[in-house]
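K.L.:
So that you have it, the file is run.txt, and it contains compact mmCIF, C-alpha atoms and all ligand atoms:
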# COMPACT_ATOMS: atom_id res chain seq x y z
CA MET A 1 15.04 14.20 -4.08
CA ARG A 2 14.49 16.49 -1.18
CA ASN A 3 12.67 18.98 -3.36
CA ILE A 4 10.36 16.31 -4.64
CA LYS A 5 9.58 15.29 -1.09
CA ARG A 6 8.88 18.87 -0.20
CA ILE A 7 6.33 19.06 -2.93
CA ILE A 8 4.85 15.60 -2.58
CA ILE A 9 4.34 15.61 1.15
CA PRO A 10 2.24 18.78 1.31
CA VAL A 11 0.28 17.59 -1.71
CA LEU A 12 -0.41 14.27 0.01
CA ILE A 13 -1.46 16.03 3.17
CA VAL A 14 -3.84 18.28 1.27
CA LEU A 15 -5.22 15.31 -0.65
CA SER A 16 -5.75 13.24 2.46
CA ILE A 17 -7.50 16.09 4.25
CA PHE A 18 -9.65 16.61 1.20
CA ALA A 19 -10.47 12.92 0.99
CA VAL A 20 -11.49 12.80 4.63
CA ASN A 21 -13.66 15.88 4.36
CA VAL A 22 -15.38 14.69 1.23
CA SER A 23 -16.79 11.76 3.14
CA CYS A 24 -18.58 14.22 5.37
CA SER A 25 -19.65 16.87 2.95
CA ASN A 26 -20.63 15.06 -0.20
CA ASP A 27 -24.02 14.20 1.14
CA GLU A 28 -24.66 17.73 2.32
CA GLU A 29 -27.61 18.29 0.03
CA ILE A 30 -29.45 15.24 1.32
CA VAL A 31 -30.28 17.22 4.48
CA LEU A 32 -33.82 18.13 5.32
CA ASN A 33 -35.53 20.22 2.73
CA PRO A 34 -34.44 23.86 2.97
CA THR A 35 -37.62 25.24 4.54
CA GLU A 36 -37.56 22.65 7.29
CA ALA A 37 -33.84 22.93 7.73
CA SER A 38 -34.01 26.68 8.22
CA ASP A 39 -36.02 26.53 11.42
CA GLU A 40 -33.83 23.73 12.73
CA THR A 41 -30.54 25.55 12.50
CA PRO A 42 -28.91 23.89 15.51
CA ASP A 43 -28.70 20.51 13.84
CA SER A 44 -27.90 21.58 10.32
CA ASP A 45 -25.15 19.18 9.55
CA GLY A 46 -21.97 19.92 7.73
CA ASP A 47 -18.32 19.67 8.19
CA LEU A 48 -15.62 21.98 9.41
CA GLY A 49 -13.06 22.73 6.76
CA THR A 50 -9.50 21.62 6.53
CA THR A 51 -7.00 22.33 9.24
CA GLY A 52 -4.48 23.83 6.86
CA ASP A 53 -6.27 27.13 6.28
CA ALA A 54 -5.15 30.11 8.25
CA GLU A 55 -8.61 31.50 7.63
CA GLY A 56 -11.22 29.00 8.67
CA SER A 57 -14.53 29.12 6.90
CA GLU A 58 -16.60 27.52 9.61
CA GLY A 59 -15.83 29.41 12.77
CA GLU A 60 -12.40 27.90 13.51
CA ILE A 61 -10.54 29.81 16.22
CA THR A 62 -7.60 27.81 17.59
CA LEU A 63 -6.36 24.31 16.81
CA TYR A 64 -4.50 22.28 19.43
CA LYS A 65 -2.44 19.13 19.35
CA VAL A 66 -3.28 16.59 22.05
CA THR A 67 -0.34 14.85 23.72
CA GLY A 68 -1.15 12.63 26.66
CA ASP A 69 -3.72 14.70 28.49
CA GLU A 70 -2.21 18.08 27.57
CA ILE A 71 -2.94 20.39 24.67
CA SER A 72 -0.45 22.60 22.83
CA LYS A 73 -1.29 25.09 20.15
CA ILE A 74 -0.86 24.13 16.50
CA GLN A 75 -2.30 27.31 15.06
CA ASP A 76 -4.50 30.31 15.57
CA TYR A 77 -6.87 30.97 12.70
CA LYS A 78 -7.22 34.50 11.31
CA VAL A 79 -10.18 35.92 13.16
CA THR A 80 -11.58 39.31 14.13
CA GLY A 81 -14.07 40.79 16.57
CA LYS A 82 -15.71 38.44 19.04
CA ASP A 83 -13.76 35.46 17.71
CA LEU A 84 -10.50 37.30 18.37
CA GLU A 85 -11.62 37.81 21.96
CA TYR A 86 -12.33 34.09 22.20
CA GLN A 87 -8.94 33.36 20.69
CA LYS A 88 -7.09 35.49 23.23
CA ASP A 89 -8.98 33.97 26.12
CA VAL A 90 -6.82 30.84 26.35
CA ALA A 91 -7.93 30.32 29.95
CA LYS A 92 -11.34 29.43 28.52
CA HIS A 93 -9.77 26.96 26.07
CA GLN A 94 -8.02 25.33 29.01
CA GLU A 95 -11.19 25.30 31.08
CA ILE A 96 -13.02 23.46 28.30
CA TRP A 97 -10.11 21.07 27.89
CA SER A 98 -10.05 20.35 31.63
CA LEU A 99 -13.66 19.18 31.34
CA VAL A 100 -12.75 16.95 28.38
CA LYS A 101 -10.01 15.40 30.55
CA LYS A 102 -12.47 14.75 33.36
CA ILE A 103 -14.75 12.92 30.97
CA VAL A 104 -12.32 11.02 28.75
CA PRO A 105 -9.77 8.74 30.46
CA VAL A 106 -6.21 9.31 29.30
CA GLU A 107 -5.96 5.91 27.58
CA GLN A 108 -9.05 6.81 25.55
CA LEU A 109 -7.65 10.26 24.75
CA LYS A 110 -5.01 8.50 22.64
CA LYS A 111 -7.69 8.13 19.99
CA MET A 112 -7.75 11.89 19.38
CA SER A 113 -4.69 13.96 18.50
CA GLU A 114 -6.37 17.28 17.71
CA PHE A 115 -8.71 19.57 19.57
CA LEU A 116 -10.36 22.59 17.96
CA ILE A 117 -11.89 25.61 19.61
CA TYR A 118 -14.41 27.18 17.23
CA ASN A 119 -17.42 29.45 17.13
CA GLY A 120 -20.50 27.31 16.58
CA GLU A 121 -22.71 30.10 15.27
CA VAL A 122 -21.57 29.50 11.70
CA THR A 123 -22.64 25.86 11.63
CA GLY A 124 -25.16 25.96 14.46
CA SER A 125 -23.31 23.23 16.29
CA ALA A 126 -22.10 22.69 19.82
CA GLY A 127 -19.47 20.08 19.00
CA PHE A 128 -18.29 17.62 16.38
CA VAL A 129 -15.77 14.89 15.79
CA ILE A 130 -14.06 13.85 12.59
CA GLU A 131 -11.42 11.28 11.74
CA ILE A 132 -7.98 12.64 10.89
CA LYS A 133 -6.69 9.38 9.44
CA ARG A 134 -8.67 7.35 6.97
CA ASP A 135 -8.00 4.19 8.95
CA LEU A 136 -10.04 5.77 11.80
CA SER A 137 -7.17 5.48 14.30
CA ASP A 138 -6.91 9.21 14.93
CA TRP A 139 -9.63 11.79 15.56
CA LYS A 140 -10.22 15.48 16.06
CA MET A 141 -12.80 16.92 18.44
CA GLY A 142 -14.19 20.43 18.08
CA ILE A 143 -16.01 22.29 20.83
CA ALA A 144 -17.94 25.51 20.20
CA ILE A 145 -16.66 28.03 22.73
CA ASN A 146 -19.68 30.32 22.38
CA TYR A 147 -22.09 27.56 23.40
CA ALA A 148 -19.71 26.24 26.05
CA TYR A 149 -20.11 29.56 27.88
CA GLU A 150 -23.73 30.27 27.05
CA GLY A 151 -25.37 31.16 30.34
CA GLY A 152 -22.04 30.51 32.09
CA PHE A 153 -19.47 27.72 31.74
CA ASN A 154 -21.16 24.37 31.21
CA ALA A 155 -24.52 25.81 32.24
CA GLY A 156 -27.00 23.03 32.90
CA GLY A 157 -24.29 20.49 32.10
CA GLU A 158 -24.86 20.95 28.37
CA LEU A 159 -21.15 21.12 27.60
CA ALA A 160 -20.39 17.97 29.58
CA TYR A 161 -23.22 16.20 27.75
CA THR A 162 -21.87 17.41 24.39
CA ILE A 163 -18.39 16.08 25.20
CA ILE A 164 -19.77 12.70 26.29
CA HIS A 165 -21.94 12.42 23.18
CA GLU A 166 -19.13 13.47 20.84
CA PHE A 167 -16.61 11.13 22.36
CA GLY A 168 -19.29 8.45 22.09
CA HIS A 169 -18.81 8.75 18.33
CA VAL A 170 -15.05 8.29 18.58
CA LEU A 171 -15.57 5.33 20.88
CA THR A 172 -17.90 3.60 18.45
CA LEU A 173 -16.40 4.53 15.07
CA ASN A 174 -12.65 4.14 15.64
CA ASN A 175 -10.38 1.50 14.11
CA THR A 176 -10.98 -1.01 16.90
CA GLN A 177 -14.66 -0.96 15.94
CA LEU A 178 -14.65 -0.52 12.17
CA ASP A 179 -12.47 -1.67 9.32
CA ALA A 180 -12.11 1.31 7.00
CA ALA A 181 -10.50 -0.84 4.31
CA VAL A 182 -13.67 -2.87 3.69
CA THR A 183 -16.15 -1.38 1.24
CA GLN A 184 -19.89 -1.43 1.69
CA GLU A 185 -20.29 -4.14 -1.01
CA ASN A 186 -17.90 -6.41 0.85
CA CYS A 187 -19.23 -5.66 4.32
CA LYS A 188 -21.21 -8.44 5.95
CA ASN A 189 -22.02 -6.40 9.04
CA TYR A 190 -23.43 -2.93 9.57
CA PHE A 191 -21.73 -0.28 7.45
CA PRO A 192 -22.02 3.17 9.08
CA GLY A 193 -20.21 4.96 6.24
CA GLU A 194 -16.68 5.24 7.60
CA GLY A 195 -15.98 1.54 7.28
CA CYS A 196 -17.36 -1.93 7.92
CA ALA A 197 -18.28 -2.66 11.53
CA PHE A 198 -16.52 -5.64 13.10
CA GLU A 199 -18.95 -8.33 14.12
CA LYS A 200 -18.46 -7.73 17.84
CA SER A 201 -18.33 -3.95 17.61
CA TYR A 202 -20.73 -1.90 19.72
CA ILE A 203 -22.52 -0.45 16.72
CA ASN A 204 -22.92 -3.78 14.95
CA GLU A 205 -24.43 -5.32 18.04
CA LEU A 206 -26.83 -2.39 18.38
CA HIS A 207 -27.76 -2.56 14.73
CA SER A 208 -28.25 -6.30 14.51
CA LYS A 209 -30.34 -6.45 17.68
CA PHE A 210 -32.39 -3.30 17.51
CA TRP A 211 -32.34 -1.84 13.99
CA ASN A 212 -32.15 -4.75 11.61
CA ASP A 213 -35.82 -5.73 11.92
CA ILE A 214 -36.97 -2.21 11.01
CA TRP A 215 -34.13 -1.35 8.64
CA SER A 216 -36.06 -1.10 5.37
CA GLU A 217 -38.75 0.93 7.10
CA TYR A 218 -36.09 3.21 8.55
CA GLN A 219 -34.42 3.68 5.17
CA GLU A 220 -37.74 4.56 3.64
CA ALA A 221 -38.27 7.10 6.42
CA THR A 222 -35.02 8.95 5.77
CA LYS A 223 -36.38 10.58 2.63
CA ASP A 224 -37.96 13.54 4.40
CA GLU A 225 -38.54 14.87 7.87
CA SER A 226 -42.23 14.07 8.10
CA ALA A 227 -41.47 10.43 7.31
CA GLN A 228 -38.72 10.59 9.93
CA GLN A 229 -41.21 11.95 12.44
CA LYS A 230 -43.71 9.18 11.69
CA PHE A 231 -41.00 6.57 12.04
CA TYR A 232 -39.97 8.00 15.40
CA ASP A 233 -43.55 8.24 16.67
CA LYS A 234 -44.08 4.60 15.78
CA TYR A 235 -40.87 3.35 17.37
CA LYS A 236 -40.44 5.82 20.22
CA GLU A 237 -39.88 3.15 22.83
CA ARG A 238 -36.75 2.06 20.99
CA TYR A 239 -34.95 5.39 21.40
CA VAL A 240 -33.46 7.20 24.38
CA THR A 241 -34.12 10.53 22.62
CA GLN A 242 -35.72 11.61 19.37
CA TYR A 243 -32.27 12.56 18.08
CA ALA A 244 -31.18 8.95 18.62
CA SER A 245 -33.58 7.86 15.89
CA THR A 246 -31.54 9.84 13.33
CA ASN A 247 -29.38 6.82 12.49
CA PRO A 248 -27.47 4.05 14.35
CA GLY A 249 -24.43 6.35 14.72
CA GLU A 250 -26.42 8.99 16.59
CA ASP A 251 -28.33 6.30 18.44
CA ILE A 252 -25.21 4.76 19.92
CA ALA A 253 -23.78 8.17 20.93
CA GLU A 254 -27.07 9.00 22.67
CA VAL A 255 -27.23 5.57 24.29
CA PHE A 256 -23.68 6.05 25.57
CA ALA A 257 -24.51 9.51 26.94
CA THR A 258 -27.64 8.18 28.62
CA PHE A 259 -25.81 5.13 29.97
CA THR A 260 -23.15 7.31 31.58
CA THR A 261 -25.41 10.05 32.93
CA LEU A 262 -28.43 8.08 34.10
CA LYS A 263 -27.98 7.22 37.76
CA GLU A 264 -29.90 3.96 37.93
CA LYS A 265 -29.33 0.89 35.85
CA PRO A 266 -32.52 0.44 33.84
CA GLU A 267 -34.59 -2.75 34.09
CA GLY A 268 -34.74 -3.31 30.36
CA LYS A 269 -38.48 -2.93 29.94
CA THR A 270 -38.22 -1.05 26.66
CA ILE A 271 -35.88 -1.46 23.72
CA ALA A 272 -34.33 1.91 24.63
CA GLU A 273 -33.49 0.45 28.05
CA LYS A 274 -32.22 -2.77 26.49
CA LYS A 275 -29.82 -0.70 24.40
CA ILE A 276 -28.43 0.82 27.60
CA LEU A 277 -28.09 -2.65 29.12
CA LEU A 278 -25.91 -3.71 26.16
CA MET A 279 -23.37 -1.20 27.47
CA TYR A 280 -23.57 -2.63 30.97
CA ASN A 281 -22.43 -5.95 29.45
CA ARG A 282 -19.15 -4.40 28.37
CA ASP A 283 -16.69 -4.04 31.24
CA GLU A 284 -14.62 -1.36 29.52
CA LEU A 285 -17.73 0.78 29.05
CA VAL A 286 -18.72 0.32 32.68
CA ASN A 287 -15.21 1.49 33.62
CA PHE A 288 -15.64 4.50 31.35
CA ARG A 289 -18.97 5.26 33.02
CA ASN A 290 -17.41 5.01 36.48
CA HIS A 291 -14.61 7.34 35.44
CA ILE A 292 -17.06 9.99 34.24
CA ARG A 293 -19.30 9.69 37.28
CA LYS A 294 -16.43 9.85 39.71
CA ASN A 295 -14.77 12.85 38.05
CA LEU A 296 -17.99 14.76 37.65
CA ALA A 297 -19.02 13.81 41.20
CA LEU A 298 -22.15 12.10 39.93
CA ARG A 299 -21.79 9.20 42.32
CA LYS A 300 -23.04 10.91 45.42
CA LYS A 301 -26.11 9.51 47.03
CA GLY A 302 -29.35 11.43 47.38
CA ASP A 303 -29.55 14.98 46.12
CA ALA A 304 -25.98 15.92 46.89
CA VAL A 305 -24.98 16.06 43.24
CA THR A 306 -22.22 18.61 42.89
CA PHE A 307 -22.27 18.64 39.14
CA GLU A 308 -25.34 19.36 37.11
CA LEU A 309 -26.16 17.41 34.00
CA PRO A 310 -29.21 17.63 31.81
CA GLN A 311 -31.67 14.83 32.33
CA PRO A 312 -31.19 12.37 29.51
CA GLY A 313 -33.25 13.60 26.61
CA ALA A 314 -33.36 17.16 27.95
CA TRP A 315 -30.33 18.55 26.14
CA LYS A 316 -31.02 21.23 23.60
CA GLN A 317 -31.20 19.17 20.41
CA ALA A 318 -32.64 16.02 21.99
CA ASN A 319 -36.00 16.62 20.39
CA SER A 320 -34.81 17.11 16.87
CA PHE A 321 -33.51 14.93 14.06
CA GLY A 322 -30.03 15.00 12.64
CA ASN A 323 -29.05 14.20 9.09
CA PRO A 324 -29.83 10.49 8.68
CA HIS A 325 -27.10 10.18 6.07
CA LYS A 326 -24.29 11.17 8.38
CA THR A 327 -22.93 9.02 11.10
CA LYS A 328 -20.64 11.64 12.57
CA CYS A 329 -19.41 15.17 11.69
CA ARG A 330 -21.79 15.81 14.46
CA ARG A 331 -23.51 19.04 15.00
CA HIS A 332 -24.17 17.54 18.32
ZN ZN A 401 -23.79 12.99 17.34
Please lay out the structure from this file as structure tokens.
P.N.:
Amino acid sequence: MRNIKRIIIPVLIVLSIFAVNVSCSNDEEIVLNPTEASDETPDSDGDLGTTGDAEGSEGEITLYKVTGDEISKIQDYKVTGKDLEYQKDVAKHQEIWSLVKKIVPVEQLKKMSEFLIYNGEVTGSAGFVIEIKRDLSDWKMGIAINYAYEGGFNAGGELAYTIIHEFGHVLTLNNTQLDAAVTQENCKNYFPGEGCAFEKSYINELHSKFWNDIWSEYQEATKDESAQQKFYDKYKERYVTQYASTNPGEDIAEVFATFTTLKEKPEGKTIAEKKILLMYNRDELVNFRNHIRKNLALRKKGDAVTFELPQPGAWKQANSFGNPHKTKCRRH
């Protein structure tokens, strides 16, 4: 009996990891056409491999387990050269993690049990999130250490913005927001890919109010990047950044990042501003915003901001498109 368990459990683990990854990689070839994709390397989408490999294929360096607000090492991947230097520099891992803690309140951190330090050069990505459990109750966040220290730690606030955006995906795609057991055919609400959005979920509200009326036009526009560009040019006032027009999943992560980093509450003159106001209607999101602003010292009046953040829309990939067919596995 024991022997059977020994065999079955690892097999199940491998299968479940495989199943989760498939959901992110099977639409890989629907990315932009190769010539366009090649000059847009930073947002080439994809997925980091399984966590079981000692040799990661997508820049993996060190995997941590998250317990409370602390991280402890699960494994070091087999790396050489610059990546080995990054691996040995655990003070940097901790420095990145301390910024994650400042941004994500401990009760929200419960949603993620793994944290990966990786080199983003392989995938051209600054960060990503992916579900660990199919029911969307548990997530992994990856942060690219090379970009985290580009120009100095968190230069220009890019790293902080990346963390906010990435956690925005966890916040809007977890099991309190989506039902992973409901298939697309049986879903009456918005279906982002990972599951069926609950009626009152953040993403369903965003979709029903500000995407539904242009949905068929949007779907038509996802076929190539020039159509995507035309769609964005036409509906610019609906989006906080160009990247937000990628799909509702990216939109809500960008809206969340703009909501938390923009000092003033917008008036709601444009649809982009109305999207931000939806978040002001949710007390728990306002609390999240306050937490971030307090910990990053963004609350100070006047110019006495002690922590730099990019202006909304000014982060590196803001003026690009992501893969419209992916709602997470973010390359940003
Ligand atoms: Zn994203």
K.L.:
Tell me which of A:Asn323, A:Thr80, A:Asn119, A:Asn175 sits closest to ligand ZN 401 (chain A), counting all atoms listed in the file.
P.N.:
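Smallest separation from ligand ZN 401 (chain A) among the options: A:Asn323.
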K.L.:
Find the residue from A:Val66, A:Ile252, A:Leu278, A:Ala272 that sits nearest to Trp139 of chain A; use all atoms listed in the file when measuring.
P.N.:
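Ranked by minimum distance to Trp139 of chain A, first place goes to A:Val66.
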K.L.:
Measure the distance from atom CA of Lys101 of chain A to atom CA of Ile117 of chain A in Å and round it to one decimal.
P.N.:
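Computed distance, atom CA of Lys101 of chain A to atom CA of Ile117 of chain A, equals 15.1 Å.
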K.L.:
From the list A:Thr172, A:Ser208, A:Asn154, A:Gln177, which residue is nearest ligand ZN 401 (chain A) when using all atoms listed in the file?
P.N.:
A:Thr172
K.L.:
Give the answer as one residue: which of A:Tyr235, A:Tyr202, A:Tyr86, A:Tyr243 has the shortest atom-to-atom distance to ligand ZN 401 (chain A), using only C-alpha atoms and all ligand atoms?
P.N.:
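Among the listed residues, A:Tyr243 lies closest to ligand ZN 401 (chain A).
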K.L.:
How many Å separate atom CA of Phe198 of chain A from atom CA of Leu262 of chain A?
P.N.:
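Distance reported for this atom pair: 27.8 Å.
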K.L.:
Suppose you want the space between atom CA of Phe191 of chain A and atom CA of Asn204 of chain A; what is it in Å?
P.N.:
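So the answer is 8.4 Å.
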K.L.:
In the coordinates of the file, take the point (-26.3, 11.9, 28.9) and a cut-off of 6 Å; then, counting only C-alpha atoms, name each qualifying protein, DNA or RNA residue as a compact mmCIF listing (two decimals) with C-alpha atoms, in the coordinates of the input.
P.N.:
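Dumped to out08.txt:
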# COMPACT_ATOMS: atom_id res chain seq x y z
CA TYR A 161 -23.22 16.20 27.75
CA ALA A 257 -24.51 9.51 26.94
CA THR A 258 -27.64 8.18 28.62
CA THR A 261 -25.41 10.05 32.93
CA PRO A 312 -31.19 12.37 29.51
K.L.:
Would you list the residues near (-14.0, -3.5, 2.4), meaning any protein, DNA or RNA residue with an atom at most 12 Å from that point in file coordinates, counting all atoms listed in the file, as a ChimeraX atom specification?
P.N.:
/A:135,178-191,193-198
K.L.:
Of the candidates A:Met112, A:Met279, A:Leu99, A:Val106, which one gets nearest to Gly157 of chain A if we count only C-alpha atoms?
P.N.:
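For Gly157 of chain A, the nearest of the given residues is A:Leu99.
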K.L.:
Name the closest residue to ligand ZN 401 (chain A) among the candidates A:Phe153, A:Phe128, A:Tyr147, A:Phe321; distances are taken between atoms, counting only C-alpha atoms and all ligand atoms.
P.N.:
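Closest to ligand ZN 401 (chain A), using only C-alpha atoms and all ligand atoms: A:Phe128.
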K.L.:
Pick out the residues sitting within 8 Å of segment 74-79 of chain A, and hand them over as a PyMOL selection string; count only C-alpha atoms, and ignore anything fewer than 5 positions along from it in its own chain.
P.N.:
chain A and resi 53-56+60-65+84+87
K.L.:
Fix up segment 170-191 of chain A with N, CA and C atoms, then write it as a compact mmCIF listing (two decimals), in the frame of the given file.
P.N.:
# COMPACT_ATOMS: atom_id res chain seq x y z
N VAL A 170 -16.43 8.79 18.73
CA VAL A 170 -15.05 8.29 18.58
C VAL A 170 -14.96 6.85 19.10
N LEU A 171 -15.59 6.64 20.23
CA LEU A 171 -15.57 5.33 20.88
C LEU A 171 -16.17 4.23 20.01
N THR A 172 -17.16 4.60 19.20
CA THR A 172 -17.90 3.60 18.45
C THR A 172 -17.57 3.56 16.96
N LEU A 173 -16.73 4.50 16.50
CA LEU A 173 -16.40 4.53 15.07
C LEU A 173 -14.89 4.43 14.81
N ASN A 174 -14.11 4.17 15.84
CA ASN A 174 -12.65 4.14 15.64
C ASN A 174 -12.21 2.80 15.05
N ASN A 175 -10.91 2.68 14.81
CA ASN A 175 -10.38 1.50 14.11
C ASN A 175 -10.46 0.19 14.89
N THR A 176 -10.77 0.25 16.18
CA THR A 176 -10.98 -1.01 16.90
C THR A 176 -12.41 -1.51 16.69
N GLN A 177 -13.24 -0.65 16.13
CA GLN A 177 -14.66 -0.96 15.94
C GLN A 177 -15.04 -1.18 14.47
N LEU A 178 -14.35 -0.44 13.60
CA LEU A 178 -14.65 -0.52 12.17
C LEU A 178 -13.39 -0.79 11.38
N ASP A 179 -13.57 -1.47 10.25
CA ASP A 179 -12.47 -1.67 9.32
C ASP A 179 -12.71 -0.76 8.11
N ALA A 180 -11.90 0.31 8.05
CA ALA A 180 -12.11 1.31 7.00
C ALA A 180 -11.71 0.80 5.63
N ALA A 181 -10.98 -0.33 5.60
CA ALA A 181 -10.50 -0.84 4.31
C ALA A 181 -11.57 -1.68 3.60
N VAL A 182 -12.63 -2.03 4.31
CA VAL A 182 -13.67 -2.87 3.69
C VAL A 182 -14.78 -1.98 3.13
N THR A 183 -15.11 -2.19 1.88
CA THR A 183 -16.15 -1.38 1.24
C THR A 183 -17.54 -1.89 1.63
N GLN A 184 -18.52 -1.07 1.35
CA GLN A 184 -19.89 -1.43 1.69
C GLN A 184 -20.31 -2.74 1.00
N GLU A 185 -19.91 -2.92 -0.26
CA GLU A 185 -20.29 -4.14 -1.01
C GLU A 185 -19.72 -5.39 -0.35
N ASN A 186 -18.54 -5.23 0.25
CA ASN A 186 -17.90 -6.41 0.85
C ASN A 186 -18.15 -6.53 2.34
N CYS A 187 -19.01 -5.67 2.87
CA CYS A 187 -19.23 -5.66 4.32
C CYS A 187 -20.41 -6.56 4.68
N LYS A 188 -20.14 -7.53 5.55
CA LYS A 188 -21.21 -8.44 5.95
C LYS A 188 -21.97 -7.92 7.16
N ASN A 189 -21.39 -6.95 7.84
CA ASN A 189 -22.02 -6.40 9.04
C ASN A 189 -22.57 -5.01 8.74
N TYR A 190 -22.91 -4.28 9.78
CA TYR A 190 -23.43 -2.93 9.57
C TYR A 190 -22.31 -2.02 9.02
N PHE A 191 -22.69 -1.19 8.09
CA PHE A 191 -21.73 -0.28 7.45
C PHE A 191 -22.16 1.16 7.73
